[in-house]
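Participant: Got a structure for you, final18.txt, holding compact mmCIF, C-alpha atoms.
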# COMPACT_ATOMS: atom_id res chain seq x y z
CA MET C 12 -4.81 5.20 -34.28
CA ALA C 13 -6.12 1.67 -33.70
CA GLU C 14 -8.69 0.42 -36.18
CA LEU C 15 -12.18 -0.11 -34.70
CA LYS C 16 -13.30 -3.73 -34.91
CA TYR C 17 -16.70 -5.19 -34.06
CA ASP C 18 -17.98 -8.61 -33.02
CA LYS C 19 -19.70 -10.11 -36.08
CA LYS C 20 -22.53 -11.70 -34.09
CA THR C 21 -23.40 -8.95 -31.62
CA GLY C 22 -21.98 -5.81 -33.24
CA ARG C 23 -20.09 -5.06 -30.02
CA LEU C 24 -17.01 -2.83 -30.29
CA LEU C 25 -13.95 -4.91 -29.42
CA PHE C 26 -10.89 -4.00 -27.37
CA THR C 27 -8.03 -5.14 -29.60
CA LYS C 28 -4.35 -5.93 -29.06
CA GLN C 29 -3.45 -2.68 -30.81
CA MET C 30 -5.67 -0.76 -28.38
CA LYS C 31 -3.83 -2.39 -25.48
CA LYS C 32 -0.66 -0.65 -26.68
CA GLU C 33 -2.25 2.76 -27.30
CA TYR C 34 -5.25 3.17 -24.99
CA THR C 35 -5.67 4.21 -21.36
CA ILE C 36 -8.23 2.15 -19.45
CA LEU C 37 -10.45 4.18 -17.10
CA MET C 38 -11.84 2.40 -14.05
CA PRO C 39 -14.23 3.51 -11.28
CA ASN C 40 -12.53 3.74 -7.88
CA MET C 41 -14.81 1.81 -5.52
CA ALA C 42 -12.42 0.88 -2.68
CA PRO C 43 -9.39 3.23 -2.77
CA ILE C 44 -6.85 1.03 -0.94
CA HIS C 45 -7.73 -2.11 -2.88
CA PHE C 46 -8.14 -0.58 -6.31
CA ARG C 47 -4.88 1.34 -6.15
CA ILE C 48 -3.07 -1.97 -5.57
CA LEU C 49 -5.14 -3.88 -8.17
CA LYS C 50 -4.37 -1.18 -10.74
CA GLU C 51 -0.72 -2.19 -10.57
CA VAL C 52 -1.61 -5.75 -11.55
CA PHE C 53 -2.70 -4.33 -14.89
CA THR C 54 0.56 -2.41 -15.14
CA HIS C 55 2.45 -5.72 -14.86
CA TYR C 56 0.47 -7.05 -17.84
CA GLY C 57 1.25 -4.05 -20.01
CA TYR C 58 -1.97 -2.05 -19.61
CA THR C 59 -2.10 1.67 -18.98
CA SER C 60 -4.92 2.39 -16.54
CA GLU C 61 -6.29 5.19 -14.40
CA LEU C 62 -8.69 5.23 -11.45
CA LEU C 63 -11.42 7.85 -11.55
CA ASP C 64 -11.52 9.79 -8.27
CA THR C 65 -14.05 12.45 -9.29
CA THR C 66 -16.90 13.17 -6.87
CA GLY C 67 -19.72 15.67 -6.52
CA PRO C 68 -23.44 15.96 -7.34
CA GLU C 69 -22.66 16.52 -11.02
CA ILE C 70 -21.70 12.83 -11.32
CA ALA C 71 -25.20 11.63 -10.41
CA GLN C 72 -26.77 14.33 -12.58
CA THR C 73 -24.70 13.18 -15.55
CA GLY C 74 -25.85 9.63 -14.90
CA LEU C 75 -29.49 10.71 -14.75
CA LYS C 76 -29.07 12.44 -18.08
CA TYR C 77 -28.00 9.29 -19.91
CA VAL C 78 -29.58 6.45 -17.88
CA HIS C 79 -33.23 5.91 -16.96
CA ASN C 80 -33.94 7.25 -13.45
CA ASP C 81 -35.41 3.89 -12.42
CA THR C 82 -31.96 2.30 -12.72
CA CYS C 83 -30.18 1.37 -9.48
CA TYR C 84 -28.10 4.09 -7.87
CA PRO C 85 -24.66 2.42 -8.29
CA ALA C 86 -25.25 2.17 -12.05
CA LEU C 87 -26.20 5.84 -12.22
CA LEU C 88 -22.98 6.81 -10.45
CA VAL C 89 -20.60 4.53 -12.34
CA ILE C 90 -22.01 5.44 -15.75
CA GLY C 91 -22.26 9.09 -14.78
CA GLN C 92 -18.61 9.11 -13.68
CA PHE C 93 -17.45 7.53 -16.95
CA ILE C 94 -19.34 9.97 -19.17
CA HIS C 95 -18.37 12.91 -16.97
CA ALA C 96 -14.71 11.92 -17.45
CA LEU C 97 -15.10 11.68 -21.23
CA GLN C 98 -16.78 15.09 -21.35
CA SER C 99 -14.18 16.72 -19.09
CA GLY C 100 -11.62 17.34 -21.84
CA LYS C 101 -8.94 15.65 -19.77
CA TYR C 102 -8.65 12.62 -22.07
CA ASP C 103 -8.21 11.89 -25.75
CA VAL C 104 -11.57 10.17 -26.12
CA HIS C 105 -10.30 8.26 -29.15
CA LYS C 106 -7.61 6.62 -27.03
CA VAL C 107 -9.47 5.56 -23.90
CA ALA C 108 -11.39 2.43 -22.96
CA LEU C 109 -13.70 1.83 -20.01
CA MET C 110 -13.55 -1.21 -17.73
CA ILE C 111 -16.45 -2.49 -15.66
CA THR C 112 -17.06 -5.71 -13.72
CA GLN C 113 -19.74 -8.12 -14.88
CA THR C 114 -20.78 -10.83 -12.43
CA GLY C 115 -23.19 -12.77 -14.64
CA GLY C 116 -25.91 -13.19 -12.00
CA GLY C 117 -29.51 -12.04 -11.94
CA CYS C 118 -28.57 -8.72 -10.36
CA ARG C 119 -28.83 -5.71 -12.65
CA ALA C 120 -25.11 -5.22 -12.10
CA SER C 121 -24.69 -7.80 -14.85
CA ASN C 122 -26.42 -5.37 -17.20
CA TYR C 123 -24.39 -2.28 -16.31
CA ILE C 124 -22.18 -2.93 -19.29
CA PHE C 125 -25.13 -2.80 -21.71
CA LEU C 126 -26.55 0.28 -20.02
CA LEU C 127 -23.12 1.89 -20.29
CA ARG C 128 -22.84 1.19 -24.03
CA LYS C 129 -26.33 2.57 -24.59
CA ALA C 130 -25.45 5.70 -22.59
CA LEU C 131 -22.18 6.15 -24.52
CA LYS C 132 -24.07 6.06 -27.79
CA LYS C 133 -26.57 8.63 -26.51
CA ALA C 134 -23.69 10.87 -25.37
CA GLY C 135 -21.87 10.55 -28.71
CA PHE C 136 -19.08 8.27 -27.50
CA GLU C 137 -20.09 5.01 -29.20
CA PHE C 138 -16.49 4.66 -30.48
CA VAL C 139 -15.19 4.14 -26.90
CA PRO C 140 -14.70 0.40 -26.18
CA VAL C 141 -16.01 -1.13 -22.95
CA ILE C 142 -14.10 -4.04 -21.38
CA SER C 143 -15.94 -6.62 -19.30
CA LEU C 144 -13.96 -7.72 -16.22
CA SER C 145 -15.54 -11.16 -15.94
CA PHE C 146 -14.97 -14.88 -16.34
CA GLY C 147 -15.28 -15.12 -20.12
CA MET C 148 -18.68 -13.43 -20.52
CA GLU C 149 -17.25 -11.27 -23.30
CA ARG C 150 -14.03 -11.90 -25.21
CA ASN C 151 -11.58 -9.29 -26.44
CA SER C 152 -8.28 -9.99 -28.17
CA GLY C 153 -6.67 -7.17 -26.13
CA PHE C 154 -7.82 -8.36 -22.70
CA SER C 155 -8.50 -11.65 -20.94
CA LEU C 156 -8.59 -12.93 -17.36
CA SER C 157 -5.77 -15.49 -17.19
CA LEU C 158 -5.11 -17.73 -14.18
CA SER C 159 -1.90 -15.83 -13.37
CA LEU C 160 -3.77 -12.52 -13.48
CA ILE C 161 -6.45 -13.93 -11.16
CA ARG C 162 -3.77 -15.05 -8.66
CA ARG C 163 -2.26 -11.56 -8.65
CA PHE C 164 -5.74 -10.08 -8.24
CA VAL C 165 -6.32 -12.29 -5.22
CA GLY C 166 -3.02 -11.10 -3.77
CA GLY C 167 -4.09 -7.50 -4.29
CA LEU C 168 -7.43 -8.14 -2.58
CA VAL C 169 -5.73 -9.72 0.43
CA TYR C 170 -3.30 -6.83 0.85
CA GLY C 171 -6.15 -4.34 0.50
CA ASP C 172 -8.33 -6.18 3.01
CA GLN C 173 -5.51 -6.42 5.55
CA LEU C 174 -4.55 -2.75 5.23
CA MET C 175 -8.20 -1.72 5.60
CA LEU C 176 -8.63 -3.95 8.67
CA LEU C 177 -5.42 -2.81 10.37
CA SER C 178 -5.96 0.89 9.74
CA ASN C 179 -9.59 0.74 10.93
CA GLN C 180 -8.49 -0.91 14.19
CA THR C 181 -5.62 1.51 14.88
CA LYS C 182 -6.65 4.88 13.42
CA PRO C 183 -9.33 5.74 16.04
CA TYR C 184 -6.91 5.05 18.92
CA GLU C 185 -3.53 6.26 17.64
CA VAL C 186 -1.61 8.60 19.93
CA ASN C 187 0.28 10.19 17.04
CA LYS C 188 -2.41 11.08 14.51
CA GLY C 189 -1.70 10.08 10.93
CA GLU C 190 0.56 7.10 11.67
CA SER C 191 -1.95 4.51 10.45
CA MET C 192 -2.60 6.14 7.10
CA ALA C 193 1.13 6.78 6.62
CA LEU C 194 1.66 3.02 6.99
CA VAL C 195 -1.19 2.35 4.57
CA GLU C 196 0.54 4.60 2.04
CA ALA C 197 3.94 3.00 2.58
CA TRP C 198 2.66 -0.57 2.36
CA SER C 199 0.43 0.21 -0.63
CA ASN C 200 3.52 1.47 -2.46
CA ARG C 201 5.54 -1.55 -1.39
CA VAL C 202 3.07 -4.23 -2.50
CA SER C 203 2.24 -2.28 -5.67
CA ASP C 204 5.91 -2.34 -6.62
CA LEU C 205 6.05 -6.08 -5.93
CA LEU C 206 3.01 -6.79 -8.11
CA ILE C 207 4.40 -4.66 -10.95
CA GLU C 208 7.54 -6.81 -10.78
CA GLY C 209 5.42 -9.97 -10.86
CA LYS C 210 6.11 -10.79 -7.20
CA GLY C 211 4.27 -10.83 -3.88
CA TYR C 212 1.31 -13.08 -4.76
CA THR C 213 2.46 -16.64 -3.99
CA LEU C 214 1.31 -18.20 -0.70
CA GLU C 215 4.83 -17.94 0.75
CA GLU C 216 5.22 -14.29 -0.25
CA LEU C 217 1.77 -13.43 1.05
CA ASP C 218 2.58 -15.08 4.37
CA ASP C 219 5.84 -13.13 4.74
CA ASN C 220 4.42 -9.77 3.66
CA LEU C 221 1.23 -9.99 5.72
CA TYR C 222 3.24 -10.97 8.80
CA GLN C 223 5.56 -7.97 8.42
CA MET C 224 2.69 -5.62 7.52
CA THR C 225 0.67 -6.59 10.58
CA LYS C 226 3.77 -6.41 12.78
CA ASP C 227 4.38 -2.82 11.61
CA PHE C 228 0.83 -1.78 12.52
CA SER C 229 1.16 -3.46 15.93
CA LYS C 230 3.98 -1.02 16.76
CA ILE C 231 1.69 2.02 16.51
CA GLU C 232 1.21 3.58 19.94
CA LEU C 233 -2.46 3.40 20.88
CA ASN C 234 -4.75 4.78 23.56
CA ARG C 235 -7.60 2.28 23.68
CA THR C 236 -10.37 4.39 25.16
CA PRO C 237 -13.77 2.66 24.78
CA LYS C 238 -15.57 3.69 21.58
CA VAL C 239 -18.80 2.78 19.86
CA LYS C 240 -17.99 0.10 17.27
CA VAL C 241 -19.86 0.38 13.99
CA GLY C 242 -19.98 -2.04 11.05
CA ILE C 243 -20.86 -1.02 7.50
CA VAL C 244 -22.62 -3.44 5.16
CA GLY C 245 -24.81 -3.20 2.08
CA GLU C 246 -24.56 -3.16 -1.70
CA ILE C 247 -20.87 -3.54 -2.50
CA TYR C 248 -20.35 -0.26 -4.39
CA VAL C 249 -22.28 1.93 -1.95
CA LYS C 250 -20.66 0.16 1.03
CA TYR C 251 -17.13 1.12 -0.05
CA SER C 252 -17.43 4.16 -2.32
CA LYS C 253 -17.07 7.53 -0.62
CA MET C 254 -18.94 9.14 -3.49
CA ALA C 255 -21.86 6.73 -3.19
CA ASN C 256 -22.27 6.78 0.61
CA ASN C 257 -21.60 10.50 1.13
CA GLY C 258 -18.37 9.94 3.04
CA LEU C 259 -19.91 7.54 5.56
CA GLU C 260 -16.58 6.37 7.03
CA GLU C 261 -15.39 9.93 7.62
CA PHE C 262 -18.70 10.85 9.23
CA LEU C 263 -18.51 7.90 11.65
CA ALA C 264 -14.91 8.82 12.49
CA GLU C 265 -16.10 12.34 13.31
CA GLN C 266 -18.59 10.77 15.72
CA ASP C 267 -15.65 9.10 17.52
CA CYS C 268 -16.47 5.56 16.36
CA GLU C 269 -14.35 2.58 15.40
CA VAL C 270 -15.48 1.42 11.96
CA CYS C 271 -15.36 -2.07 10.48
CA LEU C 272 -15.94 -2.88 6.80
CA PRO C 273 -16.02 -6.57 5.84
CA GLY C 274 -13.33 -7.22 3.23
CA LEU C 275 -13.60 -7.97 -0.46
CA MET C 276 -12.13 -11.46 -0.06
CA GLY C 277 -15.40 -12.68 1.44
CA PHE C 278 -17.34 -11.33 -1.52
CA ALA C 279 -14.92 -12.98 -3.97
CA ALA C 280 -15.31 -16.33 -2.19
CA PHE C 281 -19.10 -15.86 -2.16
CA LYS C 282 -19.19 -15.35 -5.94
CA VAL C 283 -17.10 -18.46 -6.58
CA ASP C 284 -19.13 -20.49 -4.07
CA ASN C 285 -22.35 -19.47 -5.83
CA ARG C 286 -21.24 -21.45 -8.89
CA ILE C 287 -20.70 -24.48 -6.63
CA GLU C 288 -24.17 -24.07 -5.09
CA ASP C 289 -25.65 -23.75 -8.60
CA TYR C 290 -24.15 -27.11 -9.52
CA LYS C 291 -25.49 -28.72 -6.34
CA MET C 292 -28.98 -27.34 -6.91
CA PHE C 293 -29.37 -27.46 -10.66
CA GLY C 294 -26.49 -29.50 -12.09
CA GLY C 295 -24.35 -28.27 -14.97
CA SER C 296 -20.75 -28.56 -16.06
CA SER C 297 -18.70 -30.83 -13.79
CA LEU C 298 -15.52 -29.19 -15.13
CA LYS C 299 -16.73 -25.76 -14.05
CA TYR C 300 -17.73 -27.22 -10.68
CA LYS C 301 -14.26 -28.71 -10.13
CA PHE C 302 -12.55 -25.48 -11.17
CA CYS C 303 -14.67 -23.43 -8.74
CA LYS C 304 -14.02 -25.94 -5.92
CA ALA C 305 -10.28 -25.63 -6.51
CA LEU C 306 -10.48 -21.83 -6.69
CA LEU C 307 -12.51 -21.63 -3.47
CA GLY C 308 -9.94 -23.89 -1.79
CA TYR C 309 -7.16 -21.56 -2.90
CA LEU C 310 -9.07 -18.50 -1.64
CA SER C 311 -9.54 -20.25 1.71
CA LYS C 312 -5.79 -20.87 2.03
CA VAL C 313 -5.02 -17.23 1.28
CA GLU C 314 -7.71 -16.06 3.68
CA LYS C 315 -6.27 -18.18 6.50
CA ILE C 316 -2.87 -16.55 6.04
CA MET C 317 -4.50 -13.14 6.52
CA VAL C 318 -6.48 -14.26 9.59
CA ASP C 319 -3.44 -15.91 11.21
CA ALA C 320 -1.32 -12.78 10.75
CA ALA C 321 -3.98 -10.64 12.44
CA LEU C 322 -4.32 -13.02 15.40
CA LYS C 323 -0.55 -13.19 15.95
CA PHE C 324 -0.44 -9.47 16.71
CA GLY C 325 -3.69 -9.04 18.63
CA PHE C 326 -5.94 -7.70 15.88
CA GLU C 327 -9.54 -8.82 15.38
CA PRO C 328 -9.73 -10.68 12.03
CA PRO C 329 -12.91 -11.45 10.12
CA HIS C 330 -14.41 -14.92 10.21
CA GLU C 331 -13.05 -17.28 7.60
CA TYR C 332 -15.54 -17.67 4.75
CA ALA C 333 -16.67 -21.16 5.79
CA LYS C 334 -17.68 -19.85 9.24
CA THR C 335 -19.38 -16.80 7.75
CA LYS C 336 -21.43 -19.13 5.55
CA LYS C 337 -22.31 -21.39 8.48
CA ILE C 338 -23.49 -18.54 10.72
CA VAL C 339 -26.40 -17.69 8.42
CA LYS C 340 -27.76 -21.24 8.18
CA GLY C 341 -31.40 -21.32 9.25
CA VAL C 342 -31.80 -17.57 8.79
CA ILE C 343 -31.71 -17.35 4.99
CA GLY C 344 -31.09 -19.90 2.24
CA TYR C 345 -27.95 -20.23 0.13
CA GLY C 346 -30.10 -19.93 -2.97
CA SER C 347 -30.50 -16.22 -2.20
CA LYS C 348 -27.47 -15.08 -4.16
CA MET C 349 -28.42 -12.10 -6.32
CA GLY C 350 -26.29 -9.06 -5.59
CA GLU C 351 -24.74 -9.62 -2.15
CA GLY C 352 -27.34 -12.33 -1.43
CA TRP C 353 -27.18 -14.22 1.84
CA LEU C 354 -23.66 -12.86 2.42
CA LEU C 355 -25.16 -9.49 3.37
CA THR C 356 -27.23 -11.13 6.11
CA ALA C 357 -24.23 -13.18 7.22
CA GLU C 358 -21.96 -10.12 7.41
CA MET C 359 -24.39 -8.38 9.77
CA MET C 360 -24.49 -11.45 12.03
CA GLU C 361 -20.70 -11.79 11.89
CA LEU C 362 -20.24 -8.14 12.86
CA VAL C 363 -22.49 -8.57 15.89
CA GLU C 364 -20.51 -11.67 16.93
CA LYS C 365 -17.26 -9.71 16.58
CA GLY C 366 -18.51 -6.89 18.84
CA TYR C 367 -19.64 -4.46 16.12
CA GLU C 368 -23.26 -4.52 17.29
CA ASN C 369 -24.08 -1.15 15.71
CA ILE C 370 -24.52 -1.53 11.97
CA VAL C 371 -25.25 0.81 9.06
CA CYS C 372 -26.83 -1.11 6.19
CA THR C 373 -26.42 0.96 3.02
CA GLN C 374 -29.47 0.49 0.77
CA PRO C 375 -29.11 2.01 -2.73
CA PHE C 376 -32.22 2.88 -4.69
CA GLY C 377 -33.28 0.18 -7.13
CA CYS C 378 -31.32 -2.68 -5.51
CA LEU C 379 -34.09 -5.16 -4.67
CA PRO C 380 -31.78 -8.05 -3.61
CA ASN C 381 -30.06 -5.70 -1.17
CA HIS C 382 -33.34 -4.68 0.44
CA ILE C 383 -34.47 -8.30 0.79
CA ASN C 384 -31.21 -9.61 2.26
CA GLY C 385 -30.55 -6.45 4.27
CA LYS C 386 -33.65 -4.72 5.57
CA GLY C 387 -35.75 -7.85 5.10
CA ALA C 388 -33.49 -9.97 7.32
CA ILE C 389 -33.20 -7.59 10.28
CA ARG C 390 -36.14 -9.04 12.24
CA ARG C 391 -34.70 -12.59 12.04
CA ILE C 392 -31.24 -11.32 13.02
CA LYS C 393 -32.61 -9.52 16.08
CA GLU C 394 -34.51 -12.64 17.11
CA LYS C 395 -31.20 -14.52 17.25
CA MET C 396 -29.09 -11.52 18.34
CA PRO C 397 -31.16 -9.11 20.48
CA ASN C 398 -28.15 -6.81 20.96
CA ALA C 399 -27.98 -6.01 17.23
CA ASN C 400 -28.54 -2.29 16.61
CA ILE C 401 -29.09 -1.91 12.85
CA VAL C 402 -30.15 1.10 10.81
CA THR C 403 -30.85 0.99 7.07
CA ILE C 404 -29.96 4.12 5.11
CA ASP C 405 -31.31 4.75 1.61
CA TYR C 406 -28.96 6.26 -0.96
CA ASP C 407 -30.19 7.84 -4.19
CA PRO C 408 -29.68 11.12 -6.10
CA GLY C 409 -32.44 12.87 -4.16
CA ALA C 410 -31.64 11.64 -0.62
CA PRO C 411 -30.53 14.60 1.58
CA LYS C 412 -27.24 13.90 3.36
CA VAL C 413 -28.46 15.59 6.56
CA ASN C 414 -31.40 13.18 6.81
CA GLN C 415 -29.08 10.20 6.39
CA GLU C 416 -26.71 11.46 9.06
CA ASN C 417 -29.53 12.23 11.51
CA ARG C 418 -30.80 8.66 11.24
CA ILE C 419 -27.28 7.34 11.84
CA LYS C 420 -26.93 9.62 14.88
CA LEU C 421 -30.09 8.08 16.37
CA MET C 422 -28.55 4.62 15.93
CA LEU C 423 -25.31 5.85 17.52
CA ALA C 424 -27.21 7.29 20.49
CA VAL C 425 -28.54 3.79 21.22
CA GLY C 426 -25.03 2.39 20.74
CA LYS C 427 -23.49 4.93 23.13
CA GLU C 428 -26.09 4.17 25.79
CA ALA C 429 -25.38 0.43 25.47
CA LEU C 430 -21.62 1.09 25.75
CA GLU C 431 -22.10 3.21 28.88
CA ASN C 432 -24.23 0.48 30.44
CA LYS C 433 -21.54 -2.12 29.73
CA LEU C 434 -18.84 0.08 31.24
CA SER C 435 -20.98 0.71 34.35
CA GLN C 436 -21.66 -3.00 34.81
CA LYS C 437 -17.97 -3.75 34.37
CA ALA C 438 -17.04 -1.18 37.02
CA GLU C 439 -19.64 -2.58 39.41
CA ASN C 440 -18.37 -6.13 38.91
CA SER C 441 -14.73 -5.17 39.41
CA PRO C 442 -13.09 -5.87 42.82
CA LYS C 443 -13.01 -2.15 43.55
CA GLY C 444 -16.69 -1.86 42.82
CA ALA C 445 -17.46 -4.92 44.95
CA ASN C 446 -15.74 -3.36 48.00
CA LYS C 447 -17.82 -0.22 47.61
CA THR C 448 -21.02 -2.28 47.58
CA GLU C 449 -20.01 -4.01 50.82
Would you mind writing the file's structure down as structure tokens?

Facilitator:
Amino acid sequence: MAELKYDKKTGRLLFTKQMKKEYTILMPNMAPIHFRILKEVFTHYGYTSELLDTTGPEIAQTGLKYVHNDTCYPALLVIGQFIHALQSGKYDVHKVALMITQTGGGCRASNYIFLLRKALKKAGFEFVPVISLSFGMERNSGFSLSLSLIRRFVGGLVYGDQLMLLSNQTKPYEVNKGESMALVEAWSNRVSDLLIEGKGYTLEELDDNLYQMTKDFSKIELNRTPKVKVGIVGEIYVKYSKMANNGLEEFLAEQDCEVCLPGLMGFAAFKVDNRIEDYKMFGGSSLKYKFCKALLGYLSKVEKIMVDAALKFGFEPPHEYAKTKKIVKGVIGYGSKMGEGWLLTAEMMELVEKGYENIVCTQPFGCLPNHINGKGAIRRIKEKMPNANIVTIDYDPGAPKVNQENRIKLMLAVGKEALENKLSQKAENSPKGANKTE
């Protein structure tokens, strides 16, 4: 068994090189397509990892037991899921580590890691190491974010974003049900294997793979009957996590909608760009500024490959990050960057521009930045885009699912009426309709 070592200054339990050989790293599964692929990046670097797929009300209840109930809902769920897993008996608790992202901003997400350690101690698991997935905020001899690892991570994000986009635009219309998700499964396996082998992440490889991937989805037979198009935005964990949003995507699919979720690449670019904006506003390290400029340039190149592949085969790609950033100018300032910051406002405006006028904004309890940039920006958005049909849905341990779904149904009723009006106007303006009028 690996010897437990602690940081001399902070007393923090370290994840050592010996632990890397012996331990399994548990990770919360926020976005299933993406995280399954990203997991294989760790496999390439010699880590054994597992995604936690557990769901159910007991997760939130476990979180409430070990974290103050005033803590934001995503923290309650993530911490509750970790401790629930440790208490399940499924794992050797002396040979597991926990991994959690740490952004470093003013959002409380930066403090999840400290809340998690406090909760572990309270639950009797203080000997379980916690790894910070961040740019050098905490150092461990057994784990570090190298440049090569970051490049593979970016590749994984791009593949995940493209698969999510393609499946969302084909699944509601497919003639042979299940084809889209079968392709998602096949391509997830294919790119995972490539990443394990240390391949598939260079610009050339991304270009080739995304072209072929998009081409495969373009071959799916579709019946494009008009449907209400719905975008999902909000706090990043609740936006993507089925456990956190009570199966929002499945519910919208049951209502015969086409769903669009903005990808993770935009959020990654936003986080890097924030460091550039910090330098412009407040100064700081010029070396850090140059590194972030170069990284944002690389992300832009990768993003363009994804967008070009979608356009070649008739799919609707997201805006490139630079355009997403530009669209929000004059509505909210770039200094609003806690949590999802101005990007949340921009994503709603982008969705409306792309034809997804009906939007569910997921608002988790305790996430003040999300409420400001989400609910607080709706009036300004509607002033500029009167056709925007936005509903904000609160998510917390005590929010009844039926109430959430009823509010979404009211939004969809407005969306369906607008769609019917558009179809009627189109029929009236068609040559056939014009002859009838004469």

Participant: My list of candidates is C:Asn80, C:Gln173, C:Ser252, C:Ser441. Which is closest to Gly377 of chain C when distances are computed with only C-alpha atoms?

Facilitator: C:Asn80

Participant: Counting all atoms listed in the file, which residue out of C:Leu214, C:Leu49, C:Leu174, C:Ile207 sits closest to Asp227 of chain C?

Facilitator: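 Closest to Asp227 of chain C of all the choices is C:Leu174.
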
Participant: Considering only C-alpha atoms, can you say which of C:Gly57, C:Pro375, C:Gly385, C:Pro411 comes closest to Leu87 of chain C?

Facilitator: C:Pro375

Participant: Name all residues at most 7 Å from Ala130 of chain C (count all atoms listed in the file; drop same-chain ones fewer than 4 positions away) and give them as a PyMOL selection string.

Facilitator: chain C and resi 77-78+126+134

Participant: Closest to Glu261 of chain C among C:Glu416, C:Asp405, C:Glu137, C:Asp172, using all atoms listed in the file?

Facilitator: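 Of C:Glu416, C:Asp405, C:Glu137, C:Asp172, the one nearest Glu261 of chain C, counting all atoms listed in the file, is C:Glu416.
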
Participant: I'd like the neighbourhood of Leu160 of chain C as a list in words, where a residue qualifies if any of its atoms comes within 10 Å (using all atoms listed in the file), though same-chain residues fewer than 4 positions away should be ignored.

Facilitator: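 Answer for this query is Val52, Phe53, His55, Tyr56, Ser155, Leu156, Phe164, Val165, Gly166 and Gly209 of chain C.
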
Participant: Just the number, please: distance in Å from atom CA of Asn234 of chain C to atom CA of Tyr184 of chain C, one decimal.

Facilitator: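 Computed distance, atom CA of Asn234 of chain C to atom CA of Tyr184 of chain C, equals 5.1 Å.
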